[in-house]
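First the structure, in the form of structure tokens, and then the observations on it.
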Amino acid sequence: MFAHQTRSLLGAGRNFRVSVPIRSLSTPTQPTAPATTPETVSQPTPTPVAPVAEAASTPETPKTPEVPEQPLETRVKEWSERLGALGSETRLPRSVQAIYMRPLRRKAEYGLPVCDLQLRSYSVENVEFFADFAIRAAYYLNLPVSGPVPLPRIVERWTVPRSNFVHKKSQENFERITLRRLVQIKDGNPKAVQAWLAFLRKHAFYGVGMKANVWEHDSLDVGKSMDESVAEIEKSLAPKLAQFGQRKDNSLGQSIFDTLDSDRFAERKNL
Amino acid sequence: MSKVASLFHPKRLNLSGFTNIRVIRDNNKRMAVEQNEPERQALRYMIRNTSLPGRVRAQAQLQLSQMHAYTRPTQVKNRCVASGHARSVIRDFRLNRYQFRMQALAGHLPGVKKASW
């Protein structure tokens, strides 16, 4: 979804006006220890002035650059300077740059579907954004992904009279359109798929619902392993199966009406 | 079973949202239906089971007809949660048509917009 912003970033950083993602490059406002930071801030300054230790005066970060006795390194640079240096001297980390490009994808080797994730929302922006997020997350978890496939919209409509019954001729229509996107994971590790789903749930986006179908694949001789596990399953089910069927004491002399009046029915009614 | 409807009043009101006596009564009916469903179904099964002796089936018929009206599922009626109105209640939102329109226009129902096509 950021596709139209991508090229400008790589080619010429000077045209680049978006200020939000740069914030992570260096930590600009550090009120506690600004005197120690000049080396860690990764922007080389062309005029190295001898640093005078004035830790006490620096914490006021919004200093204007007109103050002459301040050495350049201790001050936080203006946004324009820092952005200007982006193209020539520094660059964003690759992972941050990737946000401005189309999402990266792993190649599916076998193309075996493992997980279908359906995203639903009433707004296009939300569902598109989250589908993009899910695809990027899948890339970093090494999961080949296909999508987002736009599924048919679900349109629900209601017509109600605007006012009383007598004014039935004047009605109003309302609708709710559910937009859907399908993101499919192909031949991924089941654990990685679970991690991916958990990550998406953790970072669930407002107004976006998720539904996942997960398939697990087994080797061809799955029948053998199932046959082997039968004895174990029967053993574990035995106490439950023993209670299955009619109870003998139920039909001992008393009629069914007595049963209906019995404690088992009465306790449910809690009257 | 006695025929007193107050039998079905809960000790404490377990309702939230709009309440009036009709909403409370409907809620009582819902709970009565839920609690008596196994018994009703057992009796209905006996009545329809032709392999049972006629006496038992007649007895079951009697007993079923003597159960309280509130235990009948047909007594339950959907009511608007915002106004208690019982007519033209839209099932998707559990709101009556007027409340639905008001809340939709106010933007309280996610995704619901005025439609024109």
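In the structure tokens, the first chain shown is A, the next is B, and so on; residue numbers restart at 1 for each chain, and ligands run from 1 in the order shown.
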Check which residues of chain A sit at most 7 Å from chain B using only C-alpha atoms, and return one row each with the closest pair of atoms and their distance in Å to one decimal, ordered by chain and rising number, as JSON lines.
{"residue": "A:Tyr122", "atom": "CA", "partner": "B:Gly111", "partner_atom": "CA", "distance": 5.2}
{"residue": "A:Val160", "atom": "CA", "partner": "B:Arg97", "partner_atom": "CA", "distance": 6.0}
{"residue": "A:Asn173", "atom": "CA", "partner": "B:Ala115", "partner_atom": "CA", "distance": 5.3}
{"residue": "A:Phe174", "atom": "CA", "partner": "B:Lys114", "partner_atom": "CA", "distance": 4.4}
{"residue": "A:Glu175", "atom": "CA", "partner": "B:Ala115", "partner_atom": "CA", "distance": 5.3}
{"residue": "A:Arg176", "atom": "CA", "partner": "B:Val112", "partner_atom": "CA", "distance": 4.6}
{"residue": "A:Ile177", "atom": "CA", "partner": "B:Gly111", "partner_atom": "CA", "distance": 6.9}
{"residue": "A:Leu260", "atom": "CA", "partner": "B:Glu39", "partner_atom": "CA", "distance": 6.7}
{"residue": "A:Arg268", "atom": "CA", "partner": "B:Gln35", "partner_atom": "CA", "distance": 6.2}
{"residue": "A:Lys269", "atom": "CA", "partner": "B:Gln35", "partner_atom": "CA", "distance": 5.1}
Which residues, written as a list of chain:residue names, have at least one atom at most 9 Å from Ala86 in chain B, with only C-alpha atoms counted and residues fewer than 5 positions away on the same chain left out?
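Everything that qualifies: B:Lys77, B:Asn78, B:Arg79, B:Cys80, B:Asn96.
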Please save N, CA and C atoms of the selected residues as a compact mmCIF listing (two decimals), in the first residue's frame.
# COMPACT_ATOMS: atom_id res chain seq x y z
N LYS B 77 -40.63 -13.84 22.77
CA LYS B 77 -40.77 -12.83 21.71
C LYS B 77 -39.55 -11.92 21.75
N ASN B 78 -38.98 -11.67 20.61
CA ASN B 78 -37.83 -10.77 20.57
C ASN B 78 -38.27 -9.34 20.87
N ARG B 79 -37.53 -8.68 21.75
CA ARG B 79 -37.86 -7.29 22.09
C ARG B 79 -36.64 -6.42 21.87
N CYS B 80 -36.90 -5.18 21.59
CA CYS B 80 -35.82 -4.23 21.34
C CYS B 80 -35.04 -3.99 22.63
N ASN B 96 -35.32 -2.22 17.50
CA ASN B 96 -36.54 -1.97 16.78
C ASN B 96 -36.24 -0.99 15.65
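Computed from the coordinates, the CA of Asp261 in chain A to CA of Asn14 in chain B distance equals 27.4 Å.
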Which parts of range 90-158 of chain A does DSSP call strand (DSSP E) when run on the backbone here, written out as a count of residues only?
23
What's around Ser83 in chain B at 10 Å? Count only C-alpha atoms, leave out sequence neighbours fewer than 6 positions away in its own chain, and write the answer as a PDB file with N, CA and C atoms, in the first residue's frame.
ATOM      1  N   GLY B  17     -29.491  -2.830  30.498  1.00  0.00           N
ATOM      2  CA  GLY B  17     -30.099  -2.109  29.390  1.00  0.00           C
ATOM      3  C   GLY B  17     -31.506  -1.662  29.753  1.00  0.00           C
ATOM      4  N   PHE B  18     -32.294  -1.420  28.731  1.00  0.00           N
ATOM      5  CA  PHE B  18     -33.651  -0.931  28.961  1.00  0.00           C
ATOM      6  C   PHE B  18     -34.493  -2.020  29.616  1.00  0.00           C
ATOM      7  N   THR B  19     -35.193  -1.683  30.678  1.00  0.00           N
ATOM      8  CA  THR B  19     -36.084  -2.663  31.306  1.00  0.00           C
ATOM      9  C   THR B  19     -37.436  -2.025  31.572  1.00  0.00           C
ATOM     10  N   ASN B  20     -38.452  -2.747  31.237  1.00  0.00           N
ATOM     11  CA  ASN B  20     -39.779  -2.457  31.758  1.00  0.00           C
ATOM     12  C   ASN B  20     -40.423  -3.804  32.054  1.00  0.00           C
ATOM     13  N   VAL B  23     -40.286  -6.407  29.285  1.00  0.00           N
ATOM     14  CA  VAL B  23     -38.954  -6.979  29.048  1.00  0.00           C
ATOM     15  C   VAL B  23     -38.624  -8.009  30.127  1.00  0.00           C
ATOM     16  N   LEU B  95     -32.620  -4.467  17.667  1.00  0.00           N
ATOM     17  CA  LEU B  95     -33.177  -3.128  17.833  1.00  0.00           C
ATOM     18  C   LEU B  95     -34.429  -3.025  17.002  1.00  0.00           C
ATOM     19  N   ASN B  96     -35.322  -2.225  17.502  1.00  0.00           N
ATOM     20  CA  ASN B  96     -36.543  -1.970  16.782  1.00  0.00           C
ATOM     21  C   ASN B  96     -36.243  -0.988  15.651  1.00  0.00           C
ATOM     22  N   TYR B  98     -37.171   1.860  14.672  1.00  0.00           N
ATOM     23  CA  TYR B  98     -36.953   3.280  14.969  1.00  0.00           C
ATOM     24  C   TYR B  98     -35.611   3.474  15.665  1.00  0.00           C
ATOM     25  N   GLN B  99     -35.350   2.634  16.658  1.00  0.00           N
ATOM     26  CA  GLN B  99     -34.063   2.722  17.358  1.00  0.00           C
ATOM     27  C   GLN B  99     -32.915   2.441  16.397  1.00  0.00           C
TER      28      GLN B  99
END
